[in-house]
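A.B. asks: The structure is given below, and queries will be raised subsequently.
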Amino acid sequence: MDILHLLHMQNKLIPEMFAKFNSRYALLLTIKVNQPIGRKTLLNFVDMTERQLRTECEVLSKLGLIIKKTTGMSIAEKGEELLSEIKDSLVNDAFAEEKKLLRKHFSVKEVHIIAGDFINNEGTREEMTELLLDKVNEKITKECVIGVSGGSTMYYVTSKTDETFGYGKDVTITPLRGGLSVVNTEYQANNIASKMARNSGNNYQLLHAPDNLGQKALDELKKEPVVKNALDVISKTSIIIHSIGNAFEMAYRRKSSKEILKVLEEKKAVCESFGSYFDESGSEVFKTSTIGMSFKDVNGIDNVFTIVGGEDKADAVFSYLNTNPANMTLIIDEAICKKIINKVNKI
């Protein structure tokens, strides 16, 4: 009998034990993410009374999983080891049925679901990001070009990238598409690529090209040596890391014209990714004209890693999954998972 089967049976017989396990696991993870942290500050992150928290922290301390100092509580080496053991063997498999359903229904390569809500839980954010970076690291070859998208989720991923990412490999990180907008430049793919490269000690290549250029202007821009060199690097991309955006949120961020917004509204656009907009059924309803990798190009990449969190992104993720991206490794939170499962069950 494997450990997961045993735990599922125990959950049926003693459900409070499983609840206690989840509670202590979440507490231990929260301490790790925010260490060193005092008990009063920790109360803001957990759903416990002060008395309950004090009791639980005493238990974790006696078990040797955390260290209590005047500066606050921090994770002990024994606690780090336990979290590492739990991460792959239990957390993802707690959603085994959901993962199986999503893989089968949408024909995607892999699905990983992390407990909690990416928007409201730092522990969930960190765990999703660590899983993503671990999965990407497994696919990085000796010489590798990694293409990245922009967005707030990718900005967070970048902040957690360190020198272990692509360590010892010849890695170049590049934006998949260009951008020259002066609005939210920190979330643009160019900034994501350069910051991720600096944080990890890897190389990067930028691409400066605005959205919605006319075809003639695009053709001229492609002749520029700097742009040609950037496009040559992008063409060698073997790994993609990206997120998925709500259609109108992305359109407004791009300062799209009233005409484009009208088209998106008439065609009921739900999500955006790689410059393309899709309706709920996954049909492409509009495509921005720019330089770089398009949605069609992405189909030729073997390893595409998609990380999305927050319940408000569920409709966008459902839309994108309906494009049947067979090369996708999807990492989502529990909040998105629940809404997508409900949608699938209604079909």
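Naming scheme: A, B, ... for chains in displayed order of the structure tokens; residues 1 onward per chain; ligands 1 onward as shown.
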Each residue of range 200-251 of chain A lying at most 8 Å from range 273-282 of chain A should get a row with its shortest atom-to-atom pair and the distance in Å to one decimal, counting only C-alpha atoms; could you produce that, ordered by chain and increasing number, as a Markdown table?
C.D. replies:
```
| residue | atom | partner | partner_atom | distance |
| --- | --- | --- | --- | --- |
| A:Ser243 | CA | A:Ser273 | CA | 7.4 |
| A:Ile244 | CA | A:Ser273 | CA | 5.5 |
| A:Gly245 | CA | A:Ser273 | CA | 6.5 |
| A:Ala247 | CA | A:Tyr277 | CA | 6.4 |
```
A.B. asks: What are the nearest atom pairs, with distances in Å to one decimal, for all residues of range 172-264 of chain A that come at most 10 Å from range 119-141 of chain A, using only C-alpha atoms, set out by chain and rising residue number as a tab-separated table?
C.D. replies:
```
residue	atom	partner	partner_atom	distance
A:Ser238	CA	A:Ile140	CA	8.7
A:Ile239	CA	A:Val136	CA	7.8
A:Ile240	CA	A:Val136	CA	8.9
A:Ile241	CA	A:Val136	CA	8.3
```
A.B. asks: Could you write those residues out with C-alpha atoms, as a PDB file, in the first residue's frame?
C.D. replies:
```
ATOM      1  CA  SER A 238      13.157  25.451 -27.007  1.00  0.00           C
ATOM      2  CA  ILE A 239      11.381  26.354 -23.745  1.00  0.00           C
ATOM      3  CA  ILE A 240       8.598  28.861 -23.186  1.00  0.00           C
ATOM      4  CA  ILE A 241       7.434  30.282 -19.858  1.00  0.00           C
TER       5      ILE A 241
END
```
A.B. asks: Using DSSP on the backbone coordinates, identify all residues within range 4-144 of chain A classified as strand (DSSP E or B); present the result as JSON, numbers by chain.
C.D. replies: {"A": [37, 66, 67, 68, 69, 72, 73, 74, 75, 110, 111, 112, 113, 114, 143, 144]}
A.B. asks: Go ahead and save the picked residues with N, CA, C and O atoms, as a compact mmCIF listing (two decimals), in the first residue's frame.
C.D. replies:
```txt
# COMPACT_ATOMS: atom_id res chain seq x y z
N ILE A 37 9.60 35.61 11.41
CA ILE A 37 8.29 36.25 11.59
C ILE A 37 7.80 36.05 13.02
O ILE A 37 7.92 34.95 13.59
N ILE A 66 10.66 24.17 13.53
CA ILE A 66 10.91 25.61 13.47
C ILE A 66 11.83 26.03 14.60
O ILE A 66 11.99 25.31 15.59
N ILE A 67 12.45 27.19 14.45
CA ILE A 67 13.35 27.75 15.46
C ILE A 67 12.75 29.07 15.94
O ILE A 67 12.39 29.93 15.13
N LYS A 68 12.62 29.22 17.25
CA LYS A 68 12.05 30.43 17.83
C LYS A 68 13.18 31.29 18.40
O LYS A 68 13.95 30.82 19.24
N LYS A 69 13.27 32.53 17.93
CA LYS A 69 14.27 33.48 18.42
C LYS A 69 13.58 34.80 18.73
O LYS A 69 12.40 34.99 18.40
N GLY A 72 12.07 36.43 15.78
CA GLY A 72 10.92 35.78 15.18
C GLY A 72 11.17 34.30 14.92
O GLY A 72 12.24 33.77 15.24
N MET A 73 10.20 33.66 14.34
CA MET A 73 10.30 32.22 14.04
C MET A 73 10.82 32.00 12.62
O MET A 73 10.50 32.75 11.71
N SER A 74 11.62 30.96 12.49
CA SER A 74 12.14 30.61 11.16
C SER A 74 12.13 29.09 11.03
O SER A 74 12.02 28.36 12.01
N ILE A 75 12.24 28.65 9.80
CA ILE A 75 12.19 27.21 9.52
C ILE A 75 13.52 26.56 9.89
O ILE A 75 14.59 27.10 9.65
N GLU A 110 0.88 18.05 -19.12
CA GLU A 110 0.90 17.91 -17.66
C GLU A 110 0.03 18.97 -17.02
O GLU A 110 -0.10 20.08 -17.54
N VAL A 111 -0.55 18.63 -15.86
CA VAL A 111 -1.29 19.59 -15.05
C VAL A 111 -0.82 19.48 -13.61
O VAL A 111 -0.72 18.37 -13.07
N HIS A 112 -0.52 20.61 -13.00
CA HIS A 112 -0.14 20.65 -11.58
C HIS A 112 -1.04 21.67 -10.88
O HIS A 112 -1.22 22.79 -11.37
N ILE A 113 -1.60 21.26 -9.76
CA ILE A 113 -2.53 22.11 -9.02
C ILE A 113 -2.01 22.30 -7.60
O ILE A 113 -1.71 21.33 -6.91
N ILE A 114 -1.91 23.55 -7.19
CA ILE A 114 -1.41 23.87 -5.86
C ILE A 114 -2.55 24.40 -5.00
O ILE A 114 -3.34 25.23 -5.43
N GLU A 143 22.93 24.02 -24.04
CA GLU A 143 22.73 25.30 -24.71
C GLU A 143 21.24 25.47 -24.94
O GLU A 143 20.62 24.65 -25.60
N CYS A 144 20.68 26.52 -24.39
CA CYS A 144 19.22 26.61 -24.35
C CYS A 144 18.75 28.06 -24.45
O CYS A 144 19.31 28.95 -23.80
```
A.B. asks: Considering only C-alpha atoms, give me a table of residues in range 220-326 of chain A that are at most 8 Å from range 102-106 of chain A, with the closest atom pair and distance in Å for each, as a Markdown table.
C.D. replies:
```
| residue | atom | partner | partner_atom | distance |
| --- | --- | --- | --- | --- |
| A:Leu321 | CA | A:Phe106 | CA | 6.0 |
| A:Asn322 | CA | A:Phe106 | CA | 6.4 |
| A:Asn324 | CA | A:Phe106 | CA | 5.4 |
| A:Pro325 | CA | A:Phe106 | CA | 7.7 |
```
A.B. asks: Which one of A:Ile307, A:Ile173, A:Ile31, A:Ala189 sits closest to Val157 in chain A if you count only C-alpha atoms?
C.D. replies: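 Using only C-alpha atoms, Val157 in chain A sits closest to A:Ile307.
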